[in-house]
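Colleague: Let me begin by handing over the structure; questions about it come next.
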Amino acid sequence: MFTKKKMETKENLYCIAIFTDRELSDKEYDDQLEKIYDAAEESVAVVSEIEPPDEMVEELKNAFPDTKIEVPSYGVYKFDPEKLDEETKKMEKRHKWKKFFNTIPITEYLIVENKVMYDINQVLLFTTDIHEVISYINENKEMS
């Protein structure tokens, strides 16, 4: 599940990963989404629920060596809309005939989005506390 918000370029934008070991119920997901958006809506581009594969867990361990990687937890990632546009154009160029006939599967776009939004090089915070996520976003709203 993911939710997109209108993106503005005046502020830092973030992608929030809700790491789980099972799919959240709609109510659980909506409750967490509501907490995040109520506190930091204009700074959050996307909130996704992710059951992290082993590869992602290893990357998080390397990025946060002093932190126990467990679920449920949250990751805050820097979102770069220009990078997403760039990677989308690269993918469309690789599939130029499908693009010409407007037949690129939505899954190709989702793969690019996921790759850009949850790039381990863009992870800023990993925590098990949703309030820490909200505090981090609110403290870092303005562009550096």
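Quick note on naming: the chains in the structure tokens go A, B, ... in the order shown, residues restart at 1 in each chain, and ligands are numbered from 1 in order of appearance.
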Can you check which residues of region 68-112 of chain A DSSP gives as strand (DSSP E) on the backbone and send them as a ChimeraX atom specification?

Modeller: /A:73-79

Colleague: Could you list, with a cut-off of 6 Å and counting only C-alpha atoms, the residues of region 99-128 of chain A near region 62-76 of chain A, each shown with its nearest atom pair and the distance in Å rounded to one decimal, rows sorted by chain and ascending number, as a Markdown table?

Modeller:
| residue | atom | partner | partner_atom | distance |
| --- | --- | --- | --- | --- |
| A:Val123 | CA | A:Val76 | CA | 5.9 |
| A:Leu124 | CA | A:Val76 | CA | 5.6 |
| A:Leu125 | CA | A:Val76 | CA | 5.0 |
| A:Phe126 | CA | A:Gly75 | CA | 4.6 |
| A:Thr127 | CA | A:Tyr74 | CA | 5.4 |
| A:Thr128 | CA | A:Ser73 | CA | 4.1 |

Colleague: With DSSP run on the backbone, what are the helix (DSSP H, G or I) residues within chain A? I'd like them as a PyMOL selection string.

Modeller: chain A and resi 26-43+54-63+81-94+96-100+106-117+120-122+130-139

Colleague: What's the 10 Å shell around Glu87 (chain A), counting only C-alpha atoms, without same-chain residues fewer than 3 positions away, as a PyMOL selection string?

Modeller: chain A and resi 81-84+90-93+109+112-113+115-116

Colleague: Save out the residues we just selected, C-alpha atoms, as a PDB file, in the first residue's frame.

Modeller:
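Saved result, part-v3.pdb, follows:
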ATOM      1  CA  PRO A  81      11.237  14.179  -7.157  1.00  0.00           C
ATOM      2  CA  GLU A  82      13.834  15.098  -9.786  1.00  0.00           C
ATOM      3  CA  LYS A  83      15.586  11.756  -9.294  1.00  0.00           C
ATOM      4  CA  LEU A  84      12.245   9.974  -9.694  1.00  0.00           C
ATOM      5  CA  LYS A  90      15.491   6.223 -18.233  1.00  0.00           C
ATOM      6  CA  MET A  91      13.056   3.331 -17.862  1.00  0.00           C
ATOM      7  CA  GLU A  92      10.789   4.768 -20.571  1.00  0.00           C
ATOM      8  CA  LYS A  93      13.805   5.155 -22.853  1.00  0.00           C
ATOM      9  CA  TYR A 109       6.661   2.433 -12.956  1.00  0.00           C
ATOM     10  CA  VAL A 112      11.220   2.595 -10.455  1.00  0.00           C
ATOM     11  CA  GLU A 113       9.281   4.452  -7.750  1.00  0.00           C
ATOM     12  CA  LYS A 115      13.840   1.889  -6.148  1.00  0.00           C
ATOM     13  CA  VAL A 116      14.085   5.692  -5.926  1.00  0.00           C
TER      14      VAL A 116
END

Colleague: May I have the residues within 9 Å of region 15-27 of chain A as a PyMOL selection string, using only C-alpha atoms and disregarding those fewer than 4 positions away in the same chain?

Modeller: chain A and resi 31-32+36+43-52+70-79+117-118+133

Colleague: In Å, rounded to a single decimal, give me how far CA of Tyr37 (chain A) is from CA of Asp119 (chain A).

Modeller: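 CA of Asp119 (chain A) sits 21.9 Å away from CA of Tyr37 (chain A).
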
Colleague: Nearest residue to Leu60 (chain A) out of A:Ile120, A:Leu110, A:Ile130, A:Ile104, using only C-alpha atoms?

Modeller: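 Distance minimum relative to Leu60 (chain A) lands on A:Ile120.
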
Colleague: Out of A:Asn121, A:Ile111, A:Asn12, A:Ala40, which residue has the shortest atom-to-atom distance to Asn138 (chain A) when counting only C-alpha atoms?

Modeller: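 Among A:Asn121, A:Ile111, A:Asn12, A:Ala40, it is A:Ala40 that comes nearest to Asn138 (chain A).
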
Colleague: CA of Asn140 (chain A) and CA of Glu86 (chain A) are how many Å apart?

Modeller: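 Computed distance, CA of Asn140 (chain A) to CA of Glu86 (chain A), equals 24.9 Å.
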